[in-house]
>>> print(open('target.tsv').read())   # TSV, C-alpha atoms
chain	number	residue	atom	x	y	z
D	1	MET	CA	-69.75	-16.94	73.72
D	2	LYS	CA	-73.04	-18.25	75.08
D	3	PRO	CA	-72.84	-20.22	78.31
D	4	GLN	CA	-73.69	-23.94	78.10
D	5	LEU	CA	-76.92	-25.02	79.84
D	6	SER	CA	-76.23	-27.53	82.59
D	7	ILE	CA	-77.86	-30.95	82.51
D	8	GLN	CA	-79.87	-30.05	85.63
D	9	THR	CA	-81.55	-27.06	83.98
D	10	ARG	CA	-82.60	-28.80	80.79
D	11	SER	CA	-86.26	-29.77	80.53
D	12	ARG	CA	-87.91	-32.34	78.34
D	13	ALA	CA	-90.99	-31.52	76.31
D	14	PHE	CA	-94.26	-33.47	76.84
D	15	THR	CA	-94.43	-35.62	73.70
D	16	GLY	CA	-97.26	-37.44	71.96
D	17	TRP	CA	-95.96	-40.73	73.28
D	18	ASP	CA	-96.24	-39.43	76.85
D	19	LEU	CA	-99.84	-38.43	76.21
D	20	LEU	CA	-100.64	-41.85	74.75
D	21	ILE	CA	-99.14	-43.65	77.76
D	22	CYS	CA	-101.21	-41.50	80.14
D	23	ILE	CA	-104.41	-42.25	78.24
D	24	VAL	CA	-103.75	-46.01	78.23
D	25	THR	CA	-102.90	-46.02	81.96
D	26	VAL	CA	-106.06	-44.13	82.94
D	27	THR	CA	-108.24	-46.30	80.69
D	28	LEU	CA	-106.80	-49.53	82.10
D	29	GLY	CA	-107.28	-48.32	85.67
D	30	ALA	CA	-110.91	-47.40	85.02
D	31	TRP	CA	-111.58	-50.78	83.38
D	32	LEU	CA	-110.14	-52.65	86.37
D	33	LEU	CA	-112.40	-50.69	88.72
D	34	VAL	CA	-115.62	-51.52	86.88
D	35	MET	CA	-114.75	-55.05	85.79
D	36	PRO	CA	-116.88	-57.65	87.67
D	37	PRO	CA	-114.95	-60.16	89.83
D	38	ARG	CA	-114.11	-63.51	88.29
D	39	ARG	CA	-116.37	-66.38	89.32
D	40	GLY	CA	-113.44	-68.49	90.40
D	41	CYS	CA	-112.16	-65.80	92.73
D	42	GLY	CA	-115.59	-65.37	94.31
D	43	ALA	CA	-115.94	-69.11	94.86
D	44	LYS	CA	-112.50	-69.29	96.46
D	45	ALA	CA	-113.30	-66.38	98.76
D	46	SER	CA	-116.58	-67.97	99.85
D	47	ARG	CA	-114.81	-71.20	100.79
D	48	ILE	CA	-112.27	-69.29	102.85
D	49	THR	CA	-115.15	-67.55	104.66
D	50	CYS	CA	-116.84	-70.90	105.16
D	51	VAL	CA	-113.69	-72.36	106.74
D	52	SER	CA	-113.55	-69.31	109.01
D	53	ASN	CA	-117.16	-69.98	110.08
D	54	LEU	CA	-116.36	-73.59	110.92
D	55	LYS	CA	-113.32	-72.55	112.96
D	56	GLN	CA	-115.51	-70.20	115.00
D	57	ILE	CA	-118.08	-72.96	115.47
D	58	GLY	CA	-115.38	-75.44	116.48
D	59	LEU	CA	-113.93	-73.00	119.02
D	60	ALA	CA	-117.41	-72.38	120.45
D	61	PHE	CA	-118.03	-76.13	120.85
D	62	ARG	CA	-114.69	-76.54	122.62
D	63	MET	CA	-115.40	-73.63	124.95
D	64	TRP	CA	-118.76	-75.19	125.81
D	65	ALA	CA	-117.10	-78.57	126.38
D	66	ASN	CA	-114.54	-77.01	128.72
D	67	ASP	CA	-117.41	-76.12	131.05
D	68	HIS	CA	-119.15	-79.49	130.69
D	69	ASN	CA	-116.68	-82.23	131.59
D	70	GLU	CA	-114.93	-82.11	128.19
D	71	LYS	CA	-118.10	-83.27	126.41
D	72	PHE	CA	-119.81	-81.73	123.41
D	73	PRO	CA	-123.56	-81.10	123.87
D	74	MET	CA	-124.49	-83.98	121.52
D	75	ALA	CA	-122.97	-86.42	124.04
D	76	LEU	CA	-124.94	-85.19	127.05
D	77	ALA	CA	-128.60	-85.72	127.88
D	78	VAL	CA	-130.89	-82.70	128.11
D	79	ALA	CA	-131.77	-83.41	131.73
D	80	GLY	CA	-129.25	-82.86	134.54
D	81	THR	CA	-126.78	-80.20	135.57
D	82	ASN	CA	-124.69	-80.77	132.43
D	83	GLY	CA	-127.71	-80.58	130.17
D	84	GLY	CA	-126.86	-81.09	126.50
D	85	THR	CA	-128.75	-81.93	123.31
D	86	MET	CA	-128.37	-85.70	123.03
D	87	ASP	CA	-132.13	-86.22	123.25
D	88	PHE	CA	-132.46	-84.40	119.90
D	89	ASN	CA	-129.82	-86.43	118.03
D	90	LEU	CA	-132.36	-88.40	116.01
D	91	THR	CA	-135.09	-85.77	115.63
D	92	GLY	CA	-133.68	-83.89	112.63
D	93	GLU	CA	-133.59	-80.69	114.70
D	94	VAL	CA	-129.89	-80.05	114.09
D	95	TRP	CA	-130.24	-76.37	115.00
D	96	ARG	CA	-130.57	-77.33	118.67
D	97	HIS	CA	-126.97	-78.59	118.75
D	98	VAL	CA	-125.61	-75.20	117.70
D	99	ARG	CA	-128.09	-72.93	119.43
D	100	ILE	CA	-126.95	-74.28	122.78
D	101	ILE	CA	-123.49	-72.77	122.16
D	102	SER	CA	-124.97	-69.31	121.57
D	103	ASN	CA	-123.11	-67.87	124.58
D	104	GLU	CA	-119.83	-68.76	122.89
D	105	VAL	CA	-120.73	-67.30	119.46
D	106	ASN	CA	-121.04	-63.58	118.73
D	107	THR	CA	-123.78	-63.98	116.12
D	108	PRO	CA	-125.81	-66.81	114.54
D	109	LYS	CA	-124.78	-65.45	111.12
D	110	VAL	CA	-121.72	-67.73	111.23
D	111	PHE	CA	-123.98	-70.76	110.83
D	112	VAL	CA	-124.81	-69.93	107.20
D	113	CYS	CA	-122.49	-70.32	104.23
D	114	SER	CA	-122.74	-67.50	101.66
D	115	GLU	CA	-122.94	-70.10	98.86
D	116	ASP	CA	-125.93	-71.85	100.43
D	117	LYS	CA	-128.84	-70.19	98.63
D	118	LYS	CA	-131.45	-72.25	100.48
D	119	ARG	CA	-130.50	-70.91	103.89
D	120	SER	CA	-130.90	-67.37	105.22
D	121	ARG	CA	-128.60	-65.57	107.64
D	122	THR	CA	-130.00	-64.03	110.79
D	123	GLY	CA	-128.48	-62.02	113.60
D	124	ASP	CA	-131.39	-62.75	115.93
D	125	TRP	CA	-131.17	-65.79	118.20
D	126	GLY	CA	-134.89	-65.39	118.85
D	127	VAL	CA	-135.76	-66.68	115.36
D	128	PHE	CA	-133.07	-69.36	115.35
D	129	THR	CA	-135.63	-72.09	116.03
D	130	ASN	CA	-135.33	-74.31	112.95
D	131	ASN	CA	-132.83	-75.50	110.34
D	132	SER	CA	-133.53	-72.65	107.89
D	133	HIS	CA	-130.62	-70.63	109.32
D	134	LEU	CA	-128.12	-73.49	109.37
D	135	SER	CA	-125.81	-74.57	106.52
D	136	TYR	CA	-123.66	-77.04	108.44
D	137	PHE	CA	-124.03	-80.61	109.62
D	138	VAL	CA	-123.06	-81.72	113.12
D	139	GLY	CA	-121.00	-84.82	113.93
D	140	LEU	CA	-122.93	-86.51	116.70
D	141	ASP	CA	-119.97	-88.68	117.70
D	142	ALA	CA	-117.34	-85.93	117.65
D	143	ASP	CA	-115.08	-85.92	120.70
D	144	GLU	CA	-112.87	-83.08	121.91
D	145	THR	CA	-110.26	-85.58	123.09
D	146	MET	CA	-110.16	-87.24	119.64
D	147	PRO	CA	-109.04	-84.58	117.12
D	148	GLN	CA	-109.71	-86.70	114.02
D	149	THR	CA	-113.44	-87.05	114.69
D	150	VAL	CA	-115.70	-84.99	112.42
D	151	LEU	CA	-117.47	-82.19	114.28
D	152	SER	CA	-119.10	-80.09	111.55
D	153	GLY	CA	-119.13	-79.33	107.85
D	154	ASP	CA	-121.10	-78.22	104.81
D	155	ARG	CA	-124.49	-79.88	104.55
D	156	ASN	CA	-124.17	-80.81	100.85
D	157	LEU	CA	-123.26	-84.42	101.61
D	158	THR	CA	-124.78	-87.42	99.92
D	159	SER	CA	-124.09	-91.13	99.54
D	160	GLY	CA	-124.96	-93.86	97.09
D	161	THR	CA	-124.69	-96.59	99.71
D	162	ILE	CA	-126.52	-95.16	102.72
D	163	LYS	CA	-129.61	-93.05	103.22
D	164	PRO	CA	-130.12	-90.55	106.03
D	165	ILE	CA	-132.51	-91.72	108.76
D	166	LYS	CA	-134.31	-88.69	110.18
D	167	GLY	CA	-131.53	-86.55	108.79
D	168	VAL	CA	-128.71	-88.71	110.20
D	169	PHE	CA	-126.06	-90.48	108.10
D	170	ASN	CA	-124.64	-93.57	109.83
D	171	VAL	CA	-121.23	-93.75	108.18
D	172	THR	CA	-119.27	-97.02	108.56
D	173	ALA	CA	-115.87	-98.10	107.24
D	174	ASN	CA	-117.48	-99.54	104.09
D	175	ASP	CA	-119.60	-96.50	103.24
D	176	LYS	CA	-118.70	-93.72	100.84
D	177	VAL	CA	-119.94	-90.15	101.01
D	178	GLU	CA	-119.49	-87.38	98.50
D	179	TRP	CA	-120.10	-83.68	98.06
D	180	THR	CA	-122.93	-82.53	95.83
D	181	LYS	CA	-122.68	-79.50	93.54
D	182	THR	CA	-125.34	-77.49	95.39
D	183	ILE	CA	-123.00	-75.37	97.54
D	184	HIS	CA	-119.28	-75.56	96.74
D	185	LYS	CA	-119.36	-77.27	93.32
D	186	GLN	CA	-118.81	-80.84	94.53
D	187	ALA	CA	-116.40	-79.79	97.27
D	188	GLY	CA	-116.79	-78.74	100.87
D	189	ASN	CA	-115.31	-77.90	104.23
D	190	VAL	CA	-115.20	-79.75	107.54
D	191	GLY	CA	-114.45	-78.95	111.16
D	192	LEU	CA	-112.76	-81.54	113.39
D	193	GLY	CA	-112.91	-82.45	117.05
D	194	ASP	CA	-109.87	-80.34	117.89
D	195	GLY	CA	-111.59	-77.19	116.59
D	196	SER	CA	-109.64	-76.99	113.32
D	197	ALA	CA	-111.30	-76.63	109.91
D	198	GLN	CA	-110.17	-77.33	106.37
D	199	GLN	CA	-111.22	-77.56	102.73
D	200	VAL	CA	-111.61	-81.14	101.53
D	201	THR	CA	-112.45	-82.99	98.34
D	202	THR	CA	-114.72	-86.05	98.20
D	203	PHE	CA	-111.66	-88.30	98.32
D	204	SER	CA	-110.12	-86.59	101.34
D	205	MET	CA	-113.52	-86.44	103.04
D	206	ASN	CA	-113.78	-90.23	102.94
D	207	LYS	CA	-110.23	-90.52	104.25
D	208	GLN	CA	-111.23	-88.24	107.11
D	209	PHE	CA	-114.16	-90.46	108.02
D	210	GLN	CA	-111.85	-93.47	108.00
D	211	ALA	CA	-109.44	-91.62	110.29
D	212	ALA	CA	-112.35	-90.70	112.57
D	213	LEU	CA	-113.50	-94.31	112.81
D	214	ASN	CA	-109.96	-95.56	113.41
D	215	SER	CA	-109.52	-93.10	116.28
D	216	THR	CA	-112.53	-94.45	118.19
D	217	THR	CA	-113.88	-97.82	119.22
D	218	GLN	CA	-117.19	-97.12	117.47
D	219	ALA	CA	-118.17	-98.80	114.21
D	220	VAL	CA	-120.33	-95.84	113.13
D	221	HIS	CA	-119.76	-92.11	112.84
D	222	ARG	CA	-123.13	-90.32	112.83
D	223	ILE	CA	-123.64	-87.11	110.87
D	224	ALA	CA	-126.77	-85.00	111.49
D	225	LEU	CA	-127.77	-83.09	108.35
D	226	PRO	CA	-130.01	-79.99	108.64
D	227	GLU	CA	-132.49	-81.01	105.95
>>> encode(input="target.tsv", output="structure tokens")
Amino acid sequence: MKPQLSIQTRSRAFTGWDLLICIVTVTLGAWLLVMPPRRGCGAKASRITCVSNLKQIGLAFRMWANDHNEKFPMALAVAGTNGGTMDFNLTGEVWRHVRIISNEVNTPKVFVCSEDKKRSRTGDWGVFTNNSHLSYFVGLDADETMPQTVLSGDRNLTSGTIKPIKGVFNVTANDKVEWTKTIHKQAGNVGLGDGSAQQVTTFSMNKQFQAALNSTTQAVHRIALPE
């Protein structure tokens, strides 16, 4: 009588179905590797990077303020021991407000959004002498002690009720601003006085300006756009 083979010693033959499954798996894996990324995913990633940039910028402004009587550079005159950039607030030279915090930023590359095709990134502070390397606006009335004030954000802002004067929007409680489609497809990102940053729609952007105005005694919140 022949001994019975145990279950452990039995082997299963490689069938045609097994071969087909292997071929499909390998083909699918190869297709996923060469398939280009979806546009929506790329746009989402760029906005996340943009928010990260604004957080770094906000932190740098706060570090600078900690050494200058809790004031951002836009609130201090150029002359004096606490020299700032206030004298350039109405010149359109927005780059001066961020170049002054160069000691608190590792590289000027963070000042350009990857979706901003009209700005070029540079790692050299020596050539950071104009707005061509800057994607973000600066809130001239931002205050470190008032977290709701608007400190920075994407430059693709516009308004049907107000026009920029030498690159500065004077936003009041009755004015409306909106994002254009040039950078983040009619959306954008902002940094606040407390150093935080967030993605905002046109609607929430206007609410933020209202909150900024309500948190101060000023009737105007000035935004310097790097045109």
>>> closest_residue(input="target.tsv", among="D:Gly139, D:Lys109, D:Val150, D:Phe88", to="Gln198 (chain D)", atoms="all atoms listed in the file")
D:Val150
>>> atom_distance(input="target.tsv", atom1="CA of Asn206 (chain D)", atom2="CA of Met146 (chain D)")
17.3 Å
>>> atom_distance(input="target.tsv", atom1="CA of Val200 (chain D)", atom2="CA of Leu76 (chain D)")
29.1 Å
>>> atom_distance(input="target.tsv", atom1="CA of Gly191 (chain D)", atom2="CA of Ala79 (chain D)")
27.3 Å
>>> closest_residue(input="target.tsv", among="D:Leu54, D:Ala224, D:Ala75, D:Val177", to="Thr158 (chain D)", atoms="only C-alpha atoms")
D:Val177
>>> residues_around(input="target.tsv", residues="Ser159 (chain D)", least_positions_apart="5", cutoff="12 Å", atoms="all atoms listed in the file", output="ChimeraX atom specification")
/D:164,168-172,174-180,202,206
>>> decode(input="target.tsv", residues="region 41-141 of chain D", atoms="C-alpha atoms", output="compact mmCIF listing (two decimals), in the first residue's frame")
# COMPACT_ATOMS: atom_id res chain seq x y z
CA CYS D 41 -2.60 66.96 -7.51
CA GLY D 42 0.18 69.24 -8.75
CA ALA D 43 -1.88 72.36 -8.02
CA LYS D 44 -2.66 71.12 -4.52
CA ALA D 45 1.00 70.37 -3.84
CA SER D 46 2.06 73.83 -5.03
CA ARG D 47 -0.41 75.50 -2.67
CA ILE D 48 0.90 73.46 0.24
CA THR D 49 4.44 74.56 -0.66
CA CYS D 50 3.24 78.14 -0.93
CA VAL D 51 1.71 78.00 2.56
CA SER D 52 5.02 76.60 3.83
CA ASN D 53 6.84 79.57 2.26
CA LEU D 54 4.51 82.04 3.96
CA LYS D 55 4.99 80.33 7.33
CA GLN D 56 8.75 80.68 6.96
CA ILE D 57 8.34 84.33 5.98
CA GLY D 58 6.00 84.95 8.92
CA LEU D 59 8.44 83.35 11.35
CA ALA D 60 11.29 85.46 9.94
CA PHE D 61 9.26 88.67 10.38
CA ARG D 62 8.47 87.73 13.98
CA MET D 63 12.10 86.94 14.74
CA TRP D 64 13.08 90.33 13.32
CA ALA D 65 10.37 92.04 15.37
CA ASN D 66 11.58 90.34 18.55
CA ASP D 67 14.84 92.25 18.16
CA HIS D 68 13.16 95.54 17.23
CA ASN D 69 10.69 96.45 19.97
CA GLU D 70 8.01 94.04 18.68
CA LYS D 71 7.66 96.00 15.43
CA PHE D 72 7.76 94.72 11.88
CA PRO D 73 10.19 96.60 9.58
CA MET D 74 7.32 98.30 7.69
CA ALA D 75 6.41 100.15 10.91
CA LEU D 76 9.88 101.57 11.57
CA ALA D 77 11.68 104.38 9.77
CA VAL D 78 14.91 103.61 7.93
CA ALA D 79 16.92 106.03 10.06
CA GLY D 80 17.75 105.27 13.70
CA THR D 81 19.00 102.33 15.71
CA ASN D 82 15.84 100.32 14.94
CA GLY D 83 16.07 101.05 11.24
CA GLY D 84 13.22 99.51 9.24
CA THR D 85 11.70 99.97 5.79
CA MET D 86 8.81 102.36 6.43
CA ASP D 87 10.31 104.98 4.12
CA PHE D 88 9.77 102.56 1.21
CA ASN D 89 6.11 101.79 1.95
CA LEU D 90 4.79 103.88 -0.93
CA THR D 91 7.61 103.41 -3.44
CA GLY D 92 6.50 100.08 -4.94
CA GLU D 93 9.82 98.53 -3.87
CA VAL D 94 8.19 95.70 -1.92
CA TRP D 95 11.37 93.60 -2.05
CA ARG D 96 12.98 95.90 0.52
CA HIS D 97 10.51 94.78 3.20
CA VAL D 98 11.58 91.14 2.85
CA ARG D 99 15.26 91.60 2.07
CA ILE D 100 15.73 93.22 5.46
CA ILE D 101 14.81 89.90 7.13
CA SER D 102 17.50 88.03 5.17
CA ASN D 103 19.34 87.08 8.38
CA GLU D 104 16.25 85.18 9.52
CA VAL D 105 15.69 83.32 6.21
CA ASN D 106 17.92 80.54 4.91
CA THR D 107 17.43 81.40 1.23
CA PRO D 108 15.53 83.99 -0.85
CA LYS D 109 14.02 81.09 -2.82
CA VAL D 110 11.12 81.01 -0.33
CA PHE D 111 9.89 84.35 -1.68
CA VAL D 112 8.74 82.82 -4.99
CA CYS D 113 5.70 80.62 -5.50
CA SER D 114 6.25 77.74 -7.96
CA GLU D 115 2.98 78.64 -9.72
CA ASP D 116 4.08 82.23 -10.34
CA LYS D 117 5.50 82.01 -13.85
CA LYS D 118 6.37 85.72 -13.97
CA ARG D 119 8.80 85.51 -11.07
CA SER D 120 12.15 83.71 -10.92
CA ARG D 121 13.70 82.03 -7.90
CA THR D 122 17.19 82.95 -6.80
CA GLY D 123 19.46 81.71 -4.05
CA ASP D 124 21.65 84.81 -4.23
CA TRP D 125 20.80 87.76 -1.98
CA GLY D 126 23.15 89.86 -4.09
CA VAL D 127 20.68 89.94 -6.99
CA PHE D 128 17.61 90.31 -4.78
CA THR D 129 17.34 94.02 -5.60
CA ASN D 130 13.93 94.26 -7.28
CA ASN D 131 10.47 92.66 -7.30
CA SER D 132 11.31 90.06 -9.97
CA HIS D 133 12.17 87.49 -7.28
CA LEU D 134 9.11 88.13 -5.12
CA SER D 135 5.68 86.48 -5.45
CA TYR D 136 4.11 87.76 -2.24
CA PHE D 137 2.55 91.01 -1.09
CA VAL D 138 3.36 92.60 2.26
CA GLY D 139 0.78 93.95 4.70
CA LEU D 140 2.11 97.36 5.66
CA ASP D 141 -0.14 97.60 8.71
